[in-house]
$ cat target20.txt   # compact mmCIF, C-alpha atoms
# COMPACT_ATOMS: atom_id res chain seq x y z
CA MET A 1 85.31 -48.35 -51.90
CA GLY A 2 88.25 -46.06 -51.21
CA PHE A 3 89.71 -45.10 -47.86
CA ASP A 4 91.54 -42.01 -49.04
CA GLN A 5 90.43 -39.90 -46.10
CA TYR A 6 92.98 -41.66 -43.93
CA HIS A 7 96.56 -40.43 -44.04
CA GLU A 8 97.67 -42.75 -41.26
CA PRO A 9 97.04 -46.52 -40.97
CA PRO A 10 93.32 -46.78 -40.03
CA ASP A 11 94.05 -49.58 -37.55
CA GLU A 12 96.22 -47.21 -35.55
CA LEU A 13 93.61 -44.45 -35.43
CA PRO A 14 91.08 -44.15 -32.60
CA ALA A 15 87.44 -44.60 -33.63
CA ALA A 16 86.70 -40.94 -32.88
CA THR A 17 89.48 -39.84 -35.24
CA ARG A 18 88.17 -42.14 -37.98
CA THR A 19 84.70 -40.61 -37.57
CA PHE A 20 86.24 -37.13 -37.66
CA ALA A 21 88.07 -38.00 -40.88
CA ARG A 22 84.89 -39.36 -42.47
CA LEU A 23 83.03 -36.15 -41.71
CA CYS A 24 85.92 -34.08 -43.05
CA ALA A 25 85.71 -36.08 -46.28
CA SER A 26 81.95 -35.59 -46.34
CA LEU A 27 82.35 -31.85 -45.80
CA THR A 28 84.71 -31.69 -48.77
CA GLU A 29 82.29 -33.63 -50.97
CA GLU A 30 79.37 -31.40 -50.03
CA ALA A 31 81.42 -28.28 -50.81
CA GLU A 32 82.39 -29.75 -54.19
CA ALA A 33 78.75 -30.55 -54.96
CA ILE A 34 77.71 -26.99 -54.08
CA GLY A 35 80.32 -25.70 -56.52
CA TRP A 36 79.21 -28.09 -59.26
CA TYR A 37 75.56 -27.07 -58.91
CA GLU A 38 76.58 -23.41 -58.95
CA GLN A 39 78.31 -23.96 -62.30
CA ARG A 40 75.41 -25.95 -63.75
CA LEU A 41 72.91 -23.31 -62.67
CA ALA A 42 75.02 -20.61 -64.29
CA VAL A 43 74.67 -22.24 -67.72
CA GLU A 44 71.25 -23.94 -67.51
CA ALA A 45 68.63 -22.30 -69.77
CA ASP A 46 65.71 -24.61 -68.91
CA ALA A 47 63.87 -23.05 -65.95
CA GLU A 48 62.39 -26.35 -64.75
CA ALA A 49 65.76 -28.09 -64.79
CA ALA A 50 67.32 -25.13 -63.01
CA ALA A 51 64.66 -25.30 -60.29
CA ILE A 52 65.49 -28.95 -59.65
CA MET A 53 69.20 -28.18 -59.45
CA ARG A 54 68.55 -25.24 -57.13
CA ASP A 55 66.58 -27.57 -54.87
CA ALA A 56 69.39 -30.14 -54.96
CA GLN A 57 71.96 -27.48 -54.14
CA GLY A 58 69.85 -26.53 -51.12
CA GLU A 59 70.23 -30.10 -49.88
CA GLU A 60 74.00 -29.78 -50.16
CA PHE A 61 73.89 -26.51 -48.19
CA LYS A 62 72.13 -28.42 -45.41
CA HIS A 63 74.52 -31.38 -45.54
CA PHE A 64 77.57 -29.11 -45.51
CA SER A 65 76.21 -27.18 -42.53
CA MET A 66 75.48 -30.34 -40.55
CA ASP A 67 78.93 -31.78 -41.27
CA LEU A 68 80.54 -28.51 -40.22
CA GLU A 69 78.57 -28.26 -37.00
CA PHE A 70 79.54 -31.83 -36.03
CA LEU A 71 83.21 -31.12 -36.65
CA LEU A 72 83.11 -27.83 -34.75
CA ARG A 73 81.50 -29.55 -31.75
CA LYS A 74 84.37 -32.01 -31.69
CA THR A 75 87.10 -29.39 -32.05
CA PRO A 76 86.91 -26.60 -29.46
CA ALA A 77 89.73 -24.50 -30.94
CA TRP A 78 88.19 -24.68 -34.44
CA ARG A 79 84.80 -23.79 -32.96
CA GLU A 80 86.23 -20.74 -31.21
CA ILE A 81 87.88 -19.49 -34.39
CA ALA A 82 84.69 -20.15 -36.36
CA LYS A 83 82.69 -18.13 -33.85
CA GLY A 84 84.93 -15.16 -34.52
CA VAL A 85 84.60 -15.46 -38.29
CA LEU A 86 81.16 -16.81 -39.21
CA PHE A 87 78.12 -14.52 -39.46
CA GLN A 88 80.22 -11.48 -38.53
CA PRO A 89 79.89 -8.29 -40.58
CA GLY A 90 83.10 -6.56 -41.68
CA ASP A 91 86.51 -7.72 -42.85
CA ILE A 92 86.66 -11.52 -43.00
CA VAL A 93 90.44 -11.77 -42.97
CA GLU A 94 90.67 -9.38 -40.04
CA HIS A 95 88.13 -11.41 -38.06
CA GLY A 96 90.05 -14.59 -38.87
CA GLU A 97 93.33 -13.20 -37.63
CA GLU A 98 91.72 -11.86 -34.46
CA ALA A 99 89.92 -15.13 -33.70
CA GLU A 100 93.08 -17.15 -34.23
CA ALA A 101 95.07 -14.83 -31.98
CA GLU A 102 92.47 -15.10 -29.23
CA VAL A 103 92.45 -18.88 -29.34
CA ASN A 104 96.24 -19.04 -29.37
CA ALA A 105 96.36 -16.74 -26.36
CA GLY A 106 93.87 -18.93 -24.54
CA ASP A 107 91.54 -15.96 -24.41
CA ALA A 108 88.07 -16.97 -25.49
CA SER A 109 86.32 -13.94 -24.09
CA SER A 110 84.89 -12.88 -27.45
CA GLY A 111 82.60 -15.90 -27.67
CA ASP A 112 80.41 -17.70 -25.17
CA ALA A 113 83.43 -19.97 -24.67
CA ASP A 114 81.47 -22.97 -23.47
CA THR A 115 83.78 -25.39 -25.22
CA ALA A 116 87.07 -23.67 -24.38
CA GLY A 117 88.95 -26.03 -22.10
CA SER A 118 86.63 -28.92 -22.89
CA LEU A 119 88.20 -32.37 -23.10
CA ALA A 120 85.75 -33.01 -25.98
CA ILE A 121 85.27 -36.66 -25.16
CA GLY A 122 81.72 -36.89 -26.51
CA SER A 123 80.23 -40.26 -27.40
CA LEU A 124 82.32 -43.42 -27.08
CA LYS A 125 79.63 -45.67 -28.53
CA GLU A 126 81.40 -46.23 -31.83
CA ALA A 127 84.67 -46.98 -30.06
CA VAL A 128 83.37 -50.26 -28.62
CA ARG A 129 81.25 -51.49 -31.56
CA MET B 130 88.12 -16.44 -20.09
CA ASN B 131 85.17 -18.65 -19.27
CA HIS B 132 83.88 -20.05 -15.96
CA LEU B 133 86.70 -22.62 -15.80
CA LEU B 134 89.15 -19.74 -15.09
CA ARG B 135 92.00 -21.76 -16.61
CA THR B 136 94.06 -18.73 -17.56
CA LEU B 137 94.32 -17.73 -13.87
CA ALA B 138 96.11 -20.96 -12.96
CA PRO B 139 99.92 -20.93 -12.62
CA ILE B 140 100.16 -23.66 -15.24
CA SER B 141 102.11 -23.54 -18.50
CA ASP B 142 100.57 -24.50 -21.85
CA SER B 143 102.64 -27.67 -21.82
CA SER B 144 101.38 -28.65 -18.38
CA TRP B 145 97.76 -27.91 -19.35
CA GLU B 146 98.25 -30.26 -22.31
CA LEU B 147 99.63 -32.88 -19.93
CA LEU B 148 96.69 -32.55 -17.55
CA ASP B 149 94.07 -32.57 -20.31
CA ARG B 150 95.68 -35.57 -22.00
CA GLU B 151 95.90 -37.52 -18.75
CA ALA B 152 92.28 -36.72 -17.86
CA ARG B 153 91.04 -37.70 -21.30
CA THR B 154 92.91 -41.02 -21.17
CA ARG B 155 91.65 -41.89 -17.69
CA LEU B 156 88.06 -40.86 -18.36
CA THR B 157 87.80 -42.65 -21.68
CA ALA B 158 88.75 -45.96 -20.07
CA VAL B 159 86.15 -45.74 -17.31
CA LEU B 160 83.22 -43.95 -18.96
CA ALA B 161 81.00 -47.00 -19.48
CA ALA B 162 77.77 -45.08 -20.05
CA ARG B 163 79.21 -43.17 -23.03
CA LYS B 164 79.88 -46.53 -24.69
CA LEU B 165 76.26 -47.63 -24.25
CA VAL B 166 73.81 -44.75 -24.68
CA ASP B 167 73.15 -41.96 -27.17
CA PHE B 168 75.02 -38.73 -26.53
CA ALA B 169 73.76 -35.30 -27.58
CA GLY B 170 75.64 -32.04 -27.25
CA PRO B 171 77.60 -30.51 -25.71
CA HIS B 172 75.22 -27.56 -25.59
CA GLY B 173 77.35 -25.37 -23.34
CA TRP B 174 77.68 -24.51 -19.68
CA GLU B 175 74.63 -22.21 -19.87
CA HIS B 176 72.41 -25.10 -20.98
CA SER B 177 70.35 -25.87 -17.88
CA ALA B 178 67.57 -28.27 -18.80
CA THR B 179 66.44 -30.94 -21.25
CA ASN B 180 63.15 -30.45 -23.06
CA LEU B 181 60.78 -33.31 -22.23
CA GLY B 182 58.07 -32.16 -24.65
CA ARG B 183 55.46 -32.63 -21.95
CA THR B 184 53.27 -30.28 -19.98
CA THR B 185 51.26 -30.08 -16.76
CA THR B 186 47.94 -28.31 -16.70
CA VAL B 187 47.86 -25.27 -14.44
CA GLU B 188 44.60 -25.08 -12.51
CA PRO B 189 42.76 -22.93 -11.87
CA ALA B 190 43.51 -20.76 -14.88
CA LEU B 191 43.77 -17.05 -14.22
CA VAL B 192 40.52 -16.16 -15.97
CA ASP B 193 37.49 -18.06 -17.26
CA GLY B 194 37.75 -19.52 -20.75
CA LEU B 195 41.51 -19.99 -20.52
CA THR B 196 43.68 -23.08 -20.35
CA ALA B 197 47.23 -22.91 -19.10
CA MET B 198 49.97 -25.49 -19.35
CA GLN B 199 53.47 -25.40 -17.96
CA ARG B 200 56.31 -27.05 -19.86
CA LYS B 201 58.16 -29.91 -18.17
CA VAL B 202 61.94 -30.01 -18.34
CA LEU B 203 64.61 -32.16 -16.77
CA PRO B 204 67.29 -30.01 -15.11
CA LEU B 205 70.88 -30.97 -15.85
CA ILE B 206 73.07 -32.24 -13.05
CA GLU B 207 76.55 -30.79 -12.51
CA LEU B 208 79.21 -33.23 -11.34
CA ARG B 209 82.51 -31.93 -10.02
CA ALA B 210 85.52 -33.83 -8.66
CA ASP B 211 88.19 -31.73 -6.94
CA PHE B 212 91.89 -32.57 -6.98
CA ALA B 213 95.25 -30.93 -6.37
CA ILE B 214 98.54 -31.16 -8.25
CA ARG B 215 101.85 -30.22 -6.67
CA LEU B 216 103.36 -27.27 -8.51
CA SER B 217 106.78 -28.88 -8.31
CA GLU B 218 105.46 -31.80 -10.39
CA LEU B 219 104.32 -29.40 -13.12
CA ARG B 220 107.61 -27.51 -13.04
CA ASP B 221 109.45 -30.82 -13.42
CA HIS B 222 107.23 -31.69 -16.37
CA ASP B 223 108.09 -28.35 -17.98
CA ARG B 224 111.77 -29.30 -17.61
CA GLY B 225 111.11 -32.54 -19.44
CA SER B 226 110.37 -34.99 -16.65
CA PRO B 227 108.42 -37.92 -18.13
CA ASP B 228 106.79 -39.19 -14.93
CA ALA B 229 104.79 -36.40 -13.31
CA ASP B 230 102.72 -37.55 -10.33
CA LEU B 231 99.12 -36.99 -11.39
CA GLY B 232 97.63 -39.48 -8.93
CA GLU B 233 94.96 -37.14 -7.58
CA LEU B 234 93.82 -36.28 -11.10
CA ASP B 235 93.57 -39.99 -11.92
CA GLN B 236 91.47 -40.62 -8.82
CA ALA B 237 89.20 -37.67 -9.55
CA ALA B 238 88.71 -38.87 -13.13
CA HIS B 239 87.78 -42.31 -11.85
CA ARG B 240 85.32 -40.89 -9.30
CA ILE B 241 83.47 -38.66 -11.73
CA ALA B 242 83.38 -41.27 -14.52
CA VAL B 243 81.97 -43.89 -12.15
CA ALA B 244 79.38 -41.38 -10.93
CA GLU B 245 78.22 -40.73 -14.50
CA SER B 246 77.83 -44.46 -15.09
CA ILE B 247 75.85 -44.91 -11.87
CA VAL B 248 73.47 -42.09 -12.79
CA VAL B 249 72.87 -43.57 -16.24
CA LEU B 250 72.68 -47.24 -15.26
CA HIS B 251 70.98 -46.96 -11.85
CA GLY B 252 69.57 -43.43 -11.71
CA TRP B 253 69.59 -40.81 -9.00
CA PRO B 254 66.14 -40.67 -7.34
CA GLU B 255 67.00 -37.57 -5.28
CA ILE B 256 67.26 -35.47 -8.44
CA GLY B 257 64.48 -37.17 -10.38
CA MET B 258 66.71 -38.94 -12.88
CA ALA B 259 65.71 -42.53 -13.63
CA GLY B 260 68.42 -45.00 -14.57
CA ILE B 261 68.28 -47.82 -17.08
CA THR B 262 67.96 -50.70 -14.61
CA GLU B 263 65.37 -49.00 -12.40
CA ALA B 264 63.25 -47.99 -15.40
CA SER B 265 63.30 -51.46 -16.97
CA PRO B 266 59.96 -53.28 -16.66
CA HIS B 267 61.69 -56.65 -17.01
CA PRO B 268 62.42 -58.85 -14.00
CA ALA B 269 66.12 -59.09 -13.23
CA GLN B 270 67.69 -62.22 -14.67
CA PRO B 271 69.91 -63.99 -12.14
CA LEU B 272 73.50 -63.88 -13.35
CA GLY B 273 74.51 -66.85 -11.21
CA ALA B 274 77.54 -67.34 -9.00
CA ASP B 275 79.53 -69.31 -11.56
CA PRO B 276 80.75 -67.27 -14.55
CA GLU B 277 80.05 -70.23 -16.80
CA SER B 278 76.34 -69.60 -16.13
CA TYR B 279 76.61 -66.06 -17.59
CA PRO B 280 75.99 -67.09 -21.23
CA ARG B 281 72.67 -68.67 -20.29
CA ALA B 282 71.60 -65.54 -18.37
CA VAL B 283 72.71 -63.18 -21.14
CA ALA B 284 71.00 -65.30 -23.80
CA ALA B 285 67.78 -65.19 -21.75
CA ALA B 286 68.07 -61.40 -21.52
CA VAL B 287 68.60 -61.09 -25.27
CA GLU B 288 65.59 -63.32 -25.93
CA LEU B 289 63.52 -61.14 -23.61
CA LEU B 290 64.56 -58.07 -25.58
CA LEU B 291 63.69 -59.78 -28.87
CA GLN B 292 60.29 -60.85 -27.54
CA ASN B 293 59.61 -57.20 -26.77
CA GLY B 294 60.53 -56.12 -30.27
CA VAL B 295 63.81 -54.53 -29.24
CA GLY B 296 66.39 -55.08 -31.97
CA GLY B 297 70.13 -55.30 -31.61
CA PRO B 298 73.00 -55.14 -31.56
CA TYR B 299 73.14 -55.49 -27.81
CA ALA B 300 75.77 -54.70 -25.19
CA LEU B 301 76.46 -56.05 -21.75
CA ALA B 302 77.50 -53.60 -19.04
CA LEU B 303 79.32 -55.61 -16.40
CA GLY B 304 80.28 -54.41 -12.92
CA SER B 305 83.99 -54.64 -12.12
CA GLU B 306 83.95 -57.95 -10.21
CA HIS B 307 81.86 -59.73 -12.83
CA TYR B 308 83.96 -58.29 -15.65
CA THR B 309 87.11 -59.62 -14.02
CA LEU B 310 85.54 -63.05 -13.72
CA VAL B 311 84.56 -62.98 -17.38
CA ILE B 312 87.98 -62.12 -18.73
CA GLU B 313 89.59 -64.68 -16.42
CA THR B 314 87.35 -67.48 -17.57
CA ALA B 315 87.66 -69.84 -20.48
CA GLU B 316 84.87 -72.32 -21.06
CA HIS B 317 85.27 -76.01 -21.77
CA GLY B 318 87.60 -76.32 -24.73
CA GLY B 319 89.37 -73.08 -23.83
CA TYR B 320 86.98 -70.71 -25.62
CA PRO B 321 87.17 -67.30 -23.88
CA LEU B 322 83.92 -66.50 -22.08
CA ARG B 323 84.11 -62.87 -23.20
CA ASP B 324 84.10 -63.92 -26.85
CA HIS B 325 81.13 -66.24 -26.25
CA LEU B 326 79.17 -63.37 -24.67
CA ARG B 327 80.07 -61.05 -27.56
CA LYS B 328 78.68 -63.60 -30.02
CA ILE B 329 75.40 -63.86 -28.10
CA LEU B 330 75.08 -60.08 -27.96
CA ASN B 331 76.46 -59.33 -31.41
CA GLY B 332 78.03 -56.44 -29.51
CA PRO B 333 80.49 -55.47 -26.80
CA VAL B 334 81.02 -56.48 -23.19
CA VAL B 335 81.74 -53.20 -21.41
CA TRP B 336 83.71 -52.85 -18.17
CA SER B 337 81.39 -50.72 -16.04
CA PRO B 338 82.80 -49.77 -12.63
CA GLY B 339 80.04 -48.73 -10.24
CA VAL B 340 77.42 -50.92 -11.87
CA LYS B 341 75.73 -53.44 -9.61
CA GLY B 342 75.49 -56.81 -11.36
CA ALA B 343 75.05 -56.34 -15.09
CA VAL B 344 72.72 -54.88 -17.68
CA ALA B 345 71.96 -56.16 -21.18
CA LEU B 346 70.71 -53.38 -23.43
CA SER B 347 70.17 -52.48 -27.06
CA LEU B 348 72.64 -50.29 -28.91
CA ARG B 349 70.25 -49.61 -31.82
CA GLY B 350 69.86 -46.00 -30.71
CA GLY B 351 66.97 -43.81 -29.62
CA ASP B 352 66.30 -45.73 -26.40
CA PHE B 353 68.63 -44.07 -23.88
CA LEU B 354 69.50 -40.39 -24.23
CA SER B 355 72.28 -38.51 -22.46
CA GLU B 356 72.30 -34.76 -23.08
CA SER B 357 75.50 -32.91 -22.35
CA GLY B 358 75.67 -29.30 -21.28
CA GLN B 359 79.39 -29.05 -20.71
CA ASP B 360 81.49 -32.06 -21.63
CA PHE B 361 84.25 -32.95 -19.18
CA ALA B 362 86.68 -30.10 -18.57
CA ILE B 363 89.33 -29.20 -16.03
CA GLY B 364 88.79 -25.93 -14.20
CA TYR B 365 90.86 -23.85 -11.83
CA ASP B 366 89.85 -23.25 -8.21
CA ARG B 367 92.85 -21.76 -6.35
CA HIS B 368 96.54 -22.26 -5.69
CA ASP B 369 99.01 -21.78 -2.88
CA ALA B 370 102.78 -22.04 -2.68
CA ASP B 371 102.77 -25.83 -2.97
CA ALA B 372 99.84 -26.92 -5.08
CA VAL B 373 97.23 -25.87 -7.60
CA HIS B 374 93.69 -26.90 -6.79
CA LEU B 375 91.70 -27.91 -9.84
CA TYR B 376 88.52 -29.81 -10.61
CA LEU B 377 86.98 -32.01 -13.25
CA GLU B 378 83.47 -30.98 -14.17
CA GLU B 379 80.61 -31.86 -16.48
CA SER B 380 76.88 -31.18 -16.72
CA PHE B 381 74.36 -33.57 -18.22
CA SER B 382 70.91 -35.11 -18.04
CA PHE B 383 69.73 -38.61 -18.81
CA ILE B 384 66.39 -39.89 -20.09
CA VAL B 385 65.19 -43.45 -20.63
CA ALA B 386 62.97 -43.26 -23.72
CA THR B 387 62.37 -47.02 -24.07
CA PRO B 388 62.43 -48.70 -20.66
CA GLU B 389 61.93 -52.18 -22.16
CA ALA B 390 65.15 -51.88 -24.19
CA ALA B 391 67.26 -53.10 -21.25
CA VAL B 392 67.24 -56.12 -18.96
CA PRO B 393 68.96 -56.01 -15.57
CA LEU B 394 70.97 -59.03 -14.45
CA SER B 395 71.23 -59.43 -10.70
CA PRO B 396 74.51 -60.42 -9.05

$ encode --input "target20.txt" --output "structure tokens"
Amino acid sequence: MGFDQYHEPPDELPAATRTFARLCASLTEEAEAIGWYEQRLAVEADAEAAAIMRDAQGEEFKHFSMDLEFLLRKTPAWREIAKGVLFQPGDIVEHGEEAEAEVNAGDASSGDADTAGSLAIGSLKEAVR
Amino acid sequence: MNHLLRTLAPISDSSWELLDREARTRLTAVLAARKLVDFAGPHGWEHSATNLGRTTTVEPALVDGLTAMQRKVLPLIELRADFAIRLSELRDHDRGSPDADLGELDQAAHRIAVAESIVVLHGWPEIGMAGITEASPHPAQPLGADPESYPRAVAAAVELLLQNGVGGPYALALGSEHYTLVIETAEHGGYPLRDHLRKILNGPVVWSPGVKGAVALSLRGGDFLSESGQDFAIGYDRHDADAVHLYLEESFSFIVATPEAAVPLSP
């Protein structure tokens, strides 16, 4: 088993940061799997095999989305930027720049801003196990 | 800007970081309930109630041949602890002072964290929230006056949980006085009492200020559910020439899904 998701000594990291790192690693793996299935589907001629792979890719969509939502809940600034970019029609880069500028200015008025200013403590259950 | 009105406060980014960091550190140490029960959310400041999935029949129905049911929900409670910080302390911090006086923030963090633990462990009858100890159907196990009797009491509580089909690992929430006794005590042969209790529980002994006596409970998950609207945050109230008046705030509800998954231990 590898522990490559840690860039600092794990013993020095708080439990919440270790969990965050695990979910970041999981997010990366799900994104890779989505890309792999996309390539396989592009070259697969057998319709039945393609249907199975399409179903499997759907699972990865779900896993990626759940990982992302967890990470966004734990990271208010990331969540605020994501709100300005995701599911918005129009120029993606423009939205990204605007969302970043708003967060940096401490102005979260474009979103519902529930998590702006949050201390994001969340669960401490893993910290004492 | 959201309801916390932080951008209206005469506080620099660096001082906000200081205040948030201090609050997080103080809260994390005292928040016993968050170390014991499941946590869902945060769902946002606008989130007002927890779905209980239950209904009450509305009688009489408006017309014949109709049934009507009203959904039951548990409203969230808002907790707020006010405090003030002298502006001169924040200015000194901005100049590089390493020892800003944040005493009122520390006290507010302690107050609100203890309150959360009391709601979760003992409930708040006035707002219809049942706590873990009050909901438990098990008789309270006497903890005993002598800390060396604690292992026997905790082992009895764990056995009671096992007899009721409640799996582990388990935790022990200990009120401040009892916790101090535990960490001060070594049993015959010098074995730390805290380590002995951890072995019995296969889980942690948690310092729980505000808790009366102690509570042994399962950590397996799904038994005790805390739902967060807004997680802890510092908001701005007002300021004058000398001080900025702030507050710590959270909103949450708490539900005991499996009352038999905890055993109270009486002081």

$ residues_around --input "target20.txt" --residues "range 137-154 of chain B" --least-positions-apart "2" --cutoff "10 Å" --atoms "all atoms listed in the file" --output "PyMOL selection string"
(chain A and resi 105-106+117-121) or (chain B and resi 130+133-135+156-159+214+216+218-223+229+231+234-239+361-369+372-375+377)

$ residues_around --input "target20.txt" --residues "Arg209 in chain B" --least-positions-apart "2" --cutoff "8 Å" --atoms "only C-alpha atoms" --output "PDB file with C-alpha atoms, in the coordinates of the input"
ATOM      1  CA  GLU B 207      76.550 -30.790 -12.510  1.00  0.00           C
ATOM      2  CA  ASP B 211      88.190 -31.730  -6.940  1.00  0.00           C
ATOM      3  CA  ILE B 241      83.470 -38.660 -11.730  1.00  0.00           C
ATOM      4  CA  TYR B 376      88.520 -29.810 -10.610  1.00  0.00           C
ATOM      5  CA  LEU B 377      86.980 -32.010 -13.250  1.00  0.00           C
ATOM      6  CA  GLU B 378      83.470 -30.980 -14.170  1.00  0.00           C
ATOM      7  CA  GLU B 379      80.610 -31.860 -16.480  1.00  0.00           C
TER       8      GLU B 379
END

$ closest_residue --input "target20.txt" --among "A:Arg73, A:His95, A:Arg54, A:Lys83" --to "chain B" --atoms "all atoms listed in the file"
A:Arg73

$ atom_distance --input "target20.txt" --atom1 "CA of Leu326 in chain B" --atom2 "CA of Val385 in chain B"
24.7 Å

$ closest_residue --input "target20.txt" --among "B:Arg215, B:His251, B:Arg224, B:Lys164" --to "Trp336 in chain B" --atoms "all atoms listed in the file"
B:Lys164

$ closest_residue --input "target20.txt" --among "A:Trp78, A:Phe64, A:Phe70, A:Phe87" --to "Ala31 in chain A" --atoms "all atoms listed in the file"
A:Phe64

$ closest_residue --input "target20.txt" --among "A:Ser65, A:Leu13, A:Ala82, A:Tyr37" --to "Ile52 in chain A" --atoms "all atoms listed in the file"
A:Tyr37

$ closest_residue --input "target20.txt" --among "B:Gln359, B:Arg163, B:Ala269, B:Leu250" --to "Pro76 in chain A" --atoms "all atoms listed in the file"
B:Gln359

$ atom_distance --input "target20.txt" --atom1 "CA of Leu291 in chain B" --atom2 "CA of Leu181 in chain B"
27.4 Å

$ closest_residue --input "target20.txt" --among "A:Gln88, A:Ser26, A:Gln57, A:Thr75" --to "chain B" --atoms "only C-alpha atoms"
A:Thr75

$ residues_around --input "target20.txt" --residues "Ala77 in chain A" --least-positions-apart "2" --cutoff "8 Å" --atoms "all atoms listed in the file" --output "list of chain:residue names"
A:Thr75, A:Arg79, A:Glu80, A:Ile81, A:Val103, A:Ala116

$ residues_around --input "target20.txt" --residues "Glu126 in chain A" --least-positions-apart "6" --cutoff "12 Å" --atoms "only C-alpha atoms" --output "PyMOL selection string"
(chain A and resi 14-20) or (chain B and resi 163-168+332-333+348-350)

$ decode --input "target20.txt" --residues "range 60-77 of chain A" --atoms "N, CA and C atoms" --output "CSV table (one decimal), in the first residue's frame"
chain,number,residue,atom,x,y,z
A,60,GLU,N,-18.2,6.0,-12.0
A,60,GLU,CA,-17.0,6.9,-11.7
A,60,GLU,C,-17.5,8.4,-11.7
A,61,PHE,N,-18.5,8.7,-12.5
A,61,PHE,CA,-19.1,10.1,-12.5
A,61,PHE,C,-19.6,10.3,-11.1
A,62,LYS,N,-20.3,9.3,-10.5
A,62,LYS,CA,-20.9,9.5,-9.2
A,62,LYS,C,-19.8,9.6,-8.1
A,63,HIS,N,-18.8,8.7,-8.2
A,63,HIS,CA,-17.8,8.8,-7.2
A,63,HIS,C,-17.0,10.1,-7.2
A,64,PHE,N,-16.7,10.6,-8.5
A,64,PHE,CA,-16.0,11.8,-8.6
A,64,PHE,C,-16.8,13.0,-8.0
A,65,SER,N,-18.1,13.0,-8.3
A,65,SER,CA,-19.0,14.0,-7.8
A,65,SER,C,-19.1,14.0,-6.2
A,66,MET,N,-19.2,12.8,-5.7
A,66,MET,CA,-19.2,12.7,-4.2
A,66,MET,C,-17.9,13.2,-3.6
A,67,ASP,N,-16.8,12.8,-4.1
A,67,ASP,CA,-15.5,13.2,-3.6
A,67,ASP,C,-15.4,14.7,-3.7
A,68,LEU,N,-15.8,15.3,-4.8
A,68,LEU,CA,-15.7,16.7,-5.0
A,68,LEU,C,-16.6,17.5,-4.0
A,69,GLU,N,-17.8,17.0,-3.8
A,69,GLU,CA,-18.7,17.7,-2.9
A,69,GLU,C,-18.2,17.6,-1.4
A,70,PHE,N,-17.6,16.5,-1.0
A,70,PHE,CA,-17.0,16.4,0.3
A,70,PHE,C,-15.9,17.5,0.4
A,71,LEU,N,-15.0,17.5,-0.6
A,71,LEU,CA,-13.9,18.5,-0.5
A,71,LEU,C,-14.4,19.9,-0.5
A,72,LEU,N,-15.4,20.2,-1.3
A,72,LEU,CA,-15.9,21.6,-1.3
A,72,LEU,C,-16.5,22.0,0.0
A,73,ARG,N,-17.2,21.0,0.7
A,73,ARG,CA,-17.8,21.3,2.0
A,73,ARG,C,-16.7,21.6,3.0
A,74,LYS,N,-15.5,21.1,2.9
A,74,LYS,CA,-14.5,21.3,3.8
A,74,LYS,C,-13.6,22.5,3.5
A,75,THR,N,-13.8,23.1,2.3
A,75,THR,CA,-13.0,24.2,1.9
A,75,THR,C,-13.8,25.4,1.4
A,76,PRO,N,-14.2,26.3,2.3
A,76,PRO,CA,-15.1,27.3,1.9
A,76,PRO,C,-14.7,28.1,0.7
A,77,ALA,N,-13.4,28.5,0.7
A,77,ALA,CA,-12.9,29.3,-0.5
A,77,ALA,C,-13.1,28.6,-1.8
